[in-house]
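Working notes, beginning with the structure itself.
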Amino acid sequence: MSLFAEVWEAVKAVGAGLGAVNKRISEPAVTEFYPYKKPEIPPVSVQFLALIQNEDGTDRCVACLQCERVCPSQVITIERKRNPEGKGFVLERFDLDFANCMHCANCVEACPVSAIVTVGAFEHAVYDINLLKADKAMLDHIGHEAKTWYSPKFGVEIRTPDGRIEKAPPEMQPGGLAELLAEGEGGEAS
């Protein structure tokens, strides 16, 4: 192929691209003006993980090690000791390596008490990979700052302005109003 033919093909390709842009230039934009306009992220989406504490500040985590055992990436490290006041265990250490986490949410699914949950916080980008290693204090902080979170056991929960934890209304739950309408049509009592 000659140089002139190659240049002509390149000009035609650029012209085709500009033609596609010109067709769509009058259409409204579908992008959001991030970070000034934050996207609405469903609470069920797996963006980040957090530990939730009870309203009185005690740990929900009972140190059963289910999340550590089920993690395919093996990024969760838990240390526990026997509870001196009775049966069960006391959580001493809970570390999670977000640099290697697949965000599969197997840990959230396995937790019997919904202590580890998914939160819609996605703005945890850092320049240093070592900062992606979260300890219990950091995971507790993320959980305390979260307004909504999700776990399969309790569904979507919300933290009220006065610090109480409540189940979110049906329209915020997975399936939302669609499930309620289906139940209403089927004649099931709620």
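Starting from 1 in every chain, residues are counted up; chains themselves are A, B, ... following the order of the structure tokens, and ligands are numbered from 1 as listed.
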
| said: as a PyMOL selection string, please: every residue in segment 63-145 of chain A that DSSP puts in helix (DSSP H, G or I). | reply: chain A and resi 66-70+106-110+129-132+136-145

Write the selection just made, keeping N, CA and C atoms, as a JSON list (two decimals), in the first residue's frame?
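This is the output file again.json:
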[["chain", "number", "residue", "atom", "x", "y", "z"],
["A", 66, "GLN", "N", -15.75, -17.40, 61.04],
["A", 66, "GLN", "CA", -16.39, -17.84, 59.80],
["A", 66, "GLN", "C", -15.91, -17.01, 58.60],
["A", 67, "CYS", "N", -15.78, -15.69, 58.77],
["A", 67, "CYS", "CA", -15.35, -14.84, 57.66],
["A", 67, "CYS", "C", -13.92, -15.16, 57.25],
["A", 68, "GLU", "N", -13.07, -15.42, 58.23],
["A", 68, "GLU", "CA", -11.67, -15.75, 57.94],
["A", 68, "GLU", "C", -11.58, -17.08, 57.19],
["A", 69, "ARG", "N", -12.39, -18.04, 57.57],
["A", 69, "ARG", "CA", -12.34, -19.37, 56.94],
["A", 69, "ARG", "C", -12.87, -19.36, 55.51],
["A", 70, "VAL", "N", -13.88, -18.54, 55.24],
["A", 70, "VAL", "CA", -14.53, -18.57, 53.94],
["A", 70, "VAL", "C", -13.85, -17.67, 52.90],
["A", 106, "ASN", "N", -17.99, -12.85, 50.38],
["A", 106, "ASN", "CA", -18.20, -14.14, 51.03],
["A", 106, "ASN", "C", -18.17, -13.99, 52.54],
["A", 107, "CYS", "N", -17.34, -13.09, 53.04],
["A", 107, "CYS", "CA", -17.26, -12.87, 54.48],
["A", 107, "CYS", "C", -18.57, -12.31, 55.01],
["A", 108, "VAL", "N", -19.19, -11.43, 54.25],
["A", 108, "VAL", "CA", -20.47, -10.84, 54.66],
["A", 108, "VAL", "C", -21.55, -11.91, 54.68],
["A", 109, "GLU", "N", -21.54, -12.78, 53.68],
["A", 109, "GLU", "CA", -22.52, -13.86, 53.61],
["A", 109, "GLU", "C", -22.34, -14.85, 54.76],
["A", 110, "ALA", "N", -21.11, -15.10, 55.17],
["A", 110, "ALA", "CA", -20.84, -16.11, 56.18],
["A", 110, "ALA", "C", -21.07, -15.63, 57.60],
["A", 129, "ILE", "N", 0.10, 1.64, 48.88],
["A", 129, "ILE", "CA", -0.61, 0.37, 49.00],
["A", 129, "ILE", "C", -0.65, -0.13, 50.45],
["A", 130, "ASN", "N", 0.30, 0.27, 51.25],
["A", 130, "ASN", "CA", 0.32, -0.16, 52.65],
["A", 130, "ASN", "C", -0.85, 0.43, 53.45],
["A", 131, "LEU", "N", -1.43, 1.52, 52.96],
["A", 131, "LEU", "CA", -2.58, 2.11, 53.64],
["A", 131, "LEU", "C", -3.87, 1.33, 53.40],
["A", 132, "LEU", "N", -3.83, 0.33, 52.54],
["A", 132, "LEU", "CA", -5.00, -0.51, 52.28],
["A", 132, "LEU", "C", -5.09, -1.69, 53.24],
["A", 136, "LYS", "N", -8.84, -3.30, 63.04],
["A", 136, "LYS", "CA", -10.17, -3.23, 63.64],
["A", 136, "LYS", "C", -10.62, -1.79, 63.85],
["A", 137, "ALA", "N", -9.71, -0.94, 64.29],
["A", 137, "ALA", "CA", -10.08, 0.46, 64.53],
["A", 137, "ALA", "C", -10.55, 1.15, 63.25],
["A", 138, "MET", "N", -9.86, 0.90, 62.15],
["A", 138, "MET", "CA", -10.26, 1.52, 60.88],
["A", 138, "MET", "C", -11.59, 0.96, 60.41],
["A", 139, "LEU", "N", -11.77, -0.35, 60.51],
["A", 139, "LEU", "CA", -13.03, -0.98, 60.08],
["A", 139, "LEU", "C", -14.20, -0.52, 60.95],
["A", 140, "ASP", "N", -13.95, -0.34, 62.25],
["A", 140, "ASP", "CA", -14.99, 0.20, 63.14],
["A", 140, "ASP", "C", -15.33, 1.63, 62.75],
["A", 141, "HIS", "N", -14.32, 2.42, 62.42],
["A", 141, "HIS", "CA", -14.54, 3.81, 62.03],
["A", 141, "HIS", "C", -15.38, 3.89, 60.74],
["A", 142, "ILE", "N", -15.05, 3.07, 59.76],
["A", 142, "ILE", "CA", -15.83, 3.06, 58.52],
["A", 142, "ILE", "C", -17.27, 2.66, 58.81],
["A", 143, "GLY", "N", -17.45, 1.68, 59.67],
["A", 143, "GLY", "CA", -18.80, 1.25, 60.03],
["A", 143, "GLY", "C", -19.56, 2.32, 60.79],
["A", 144, "HIS", "N", -18.86, 3.06, 61.64],
["A", 144, "HIS", "CA", -19.52, 4.11, 62.41],
["A", 144, "HIS", "C", -19.90, 5.30, 61.52],
["A", 145, "GLU", "N", -19.09, 5.58, 60.50],
["A", 145, "GLU", "CA", -19.36, 6.69, 59.59],
["A", 145, "GLU", "C", -20.45, 6.36, 58.57]]

| Backbone DSSP call of strand (DSSP E) for segment 49-116 of chain A, listed as a PyMOL selection string | chain A and resi 49-51+76-82+89-97+116

Could the residues in this selection be saved with C-alpha atoms as a CSV table (one decimal), in the first residue's frame?
chain,number,residue,atom,x,y,z
A,49,LEU,CA,-16.3,-3.6,53.9
A,50,ALA,CA,-16.8,-2.4,57.5
A,51,LEU,CA,-17.4,-3.7,61.0
A,76,ILE,CA,-8.8,-11.6,56.9
A,77,THR,CA,-6.8,-12.2,60.1
A,78,ILE,CA,-8.6,-12.6,63.4
A,79,GLU,CA,-7.2,-13.2,66.8
A,80,ARG,CA,-9.5,-14.0,69.7
A,81,LYS,CA,-9.3,-15.1,73.3
A,82,ARG,CA,-11.8,-16.9,75.6
A,89,PHE,CA,-14.8,-15.4,72.7
A,90,VAL,CA,-13.6,-11.8,72.8
A,91,LEU,CA,-12.2,-10.2,69.6
A,92,GLU,CA,-8.6,-9.0,70.0
A,93,ARG,CA,-7.5,-8.4,66.4
A,94,PHE,CA,-9.3,-8.1,63.1
A,95,ASP,CA,-7.2,-7.2,60.1
A,96,LEU,CA,-8.3,-7.0,56.5
A,97,ASP,CA,-5.9,-6.5,53.5
A,116,ILE,CA,-19.0,-7.4,58.8

| Nearest candidate to Pro174 of chain A (options A:Tyr127, A:Tyr34, A:Trp149, A:Phe48; using only C-alpha atoms) | A:Trp149

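Going from atom CA of Gln74 of chain A to atom CA of Lys87 of chain A covers 27.3 Å.
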
| field | Selected residue of minimal separation from Val113 of chain A among A:Ser45, A:Gln53, A:Thr31, A:Ser26, counting only C-alpha atoms | value |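 Between A:Ser45, A:Gln53, A:Thr31, A:Ser26, the residue approaching Val113 of chain A most closely is A:Gln53.
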
| message | as a list of chain:residue names, please: the residues near segment 158-161 of chain A (cut-off 10 Å, only C-alpha atoms, same-chain neighbours under 5 positions excluded). | response | A:Pro43, A:Glu55, A:Gly143, A:His144, A:Glu145, A:Ala146, A:Lys147, A:Thr148, A:Trp149, A:Tyr150, A:Glu166, A:Lys167, A:Ala168, A:Pro169, A:Met172

Write out, as an mmCIF file, in the first residue's frame, the residues just selected, with N, CA and C atoms.
data_model
loop_
_atom_site.group_PDB
_atom_site.id
_atom_site.type_symbol
_atom_site.label_atom_id
_atom_site.label_comp_id
_atom_site.auth_asym_id
_atom_site.auth_seq_id
_atom_site.Cartn_x
_atom_site.Cartn_y
_atom_site.Cartn_z
ATOM 1 N N PRO A 43 -27.263 0.326 48.354
ATOM 2 C CA PRO A 43 -26.614 -0.194 49.557
ATOM 3 C C PRO A 43 -26.192 -1.649 49.423
ATOM 4 N N GLU A 55 -25.411 -0.532 69.171
ATOM 5 C CA GLU A 55 -25.707 0.843 69.553
ATOM 6 C C GLU A 55 -24.960 1.268 70.817
ATOM 7 N N GLY A 143 -17.453 1.676 59.669
ATOM 8 C CA GLY A 143 -18.804 1.254 60.028
ATOM 9 C C GLY A 143 -19.564 2.318 60.789
ATOM 10 N N HIS A 144 -18.857 3.060 61.640
ATOM 11 C CA HIS A 144 -19.524 4.113 62.413
ATOM 12 C C HIS A 144 -19.901 5.300 61.523
ATOM 13 N N GLU A 145 -19.091 5.582 60.504
ATOM 14 C CA GLU A 145 -19.359 6.693 59.594
ATOM 15 C C GLU A 145 -20.447 6.360 58.570
ATOM 16 N N ALA A 146 -20.679 5.070 58.333
ATOM 17 C CA ALA A 146 -21.658 4.667 57.318
ATOM 18 C C ALA A 146 -23.073 5.032 57.758
ATOM 19 N N LYS A 147 -23.846 5.542 56.810
ATOM 20 C CA LYS A 147 -25.252 5.860 57.077
ATOM 21 C C LYS A 147 -26.134 4.645 56.777
ATOM 22 N N THR A 148 -25.752 3.876 55.758
ATOM 23 C CA THR A 148 -26.477 2.644 55.407
ATOM 24 C C THR A 148 -25.471 1.547 55.141
ATOM 25 N N TRP A 149 -25.885 0.303 55.351
ATOM 26 C CA TRP A 149 -25.050 -0.848 55.040
ATOM 27 C C TRP A 149 -25.956 -2.037 54.783
ATOM 28 N N TYR A 150 -25.327 -3.109 54.265
ATOM 29 C CA TYR A 150 -26.105 -4.293 53.893
ATOM 30 C C TYR A 150 -25.449 -5.551 54.425
ATOM 31 N N GLU A 166 -31.508 0.895 62.738
ATOM 32 C CA GLU A 166 -32.841 0.428 62.388
ATOM 33 C C GLU A 166 -32.804 -0.258 61.034
ATOM 34 N N LYS A 167 -33.775 -1.115 60.819
ATOM 35 C CA LYS A 167 -33.932 -1.737 59.508
ATOM 36 C C LYS A 167 -34.442 -0.667 58.545
ATOM 37 N N ALA A 168 -33.877 -0.624 57.358
ATOM 38 C CA ALA A 168 -34.265 0.378 56.368
ATOM 39 C C ALA A 168 -35.675 0.102 55.864
ATOM 40 N N PRO A 169 -36.360 1.119 55.350
ATOM 41 C CA PRO A 169 -37.707 0.909 54.821
ATOM 42 C C PRO A 169 -37.685 -0.039 53.620
ATOM 43 N N MET A 172 -35.844 0.544 50.273
ATOM 44 C CA MET A 172 -34.386 0.501 50.250
ATOM 45 C C MET A 172 -33.851 -0.929 50.285
#

| task | For atom CA of Asp59 of chain A and atom CA of Pro72 of chain A, determine how far apart the two atoms are, in Å to one decimal place. | result |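 Spanning atom CA of Asp59 of chain A to atom CA of Pro72 of chain A is a straight-line distance of 24.4 Å.
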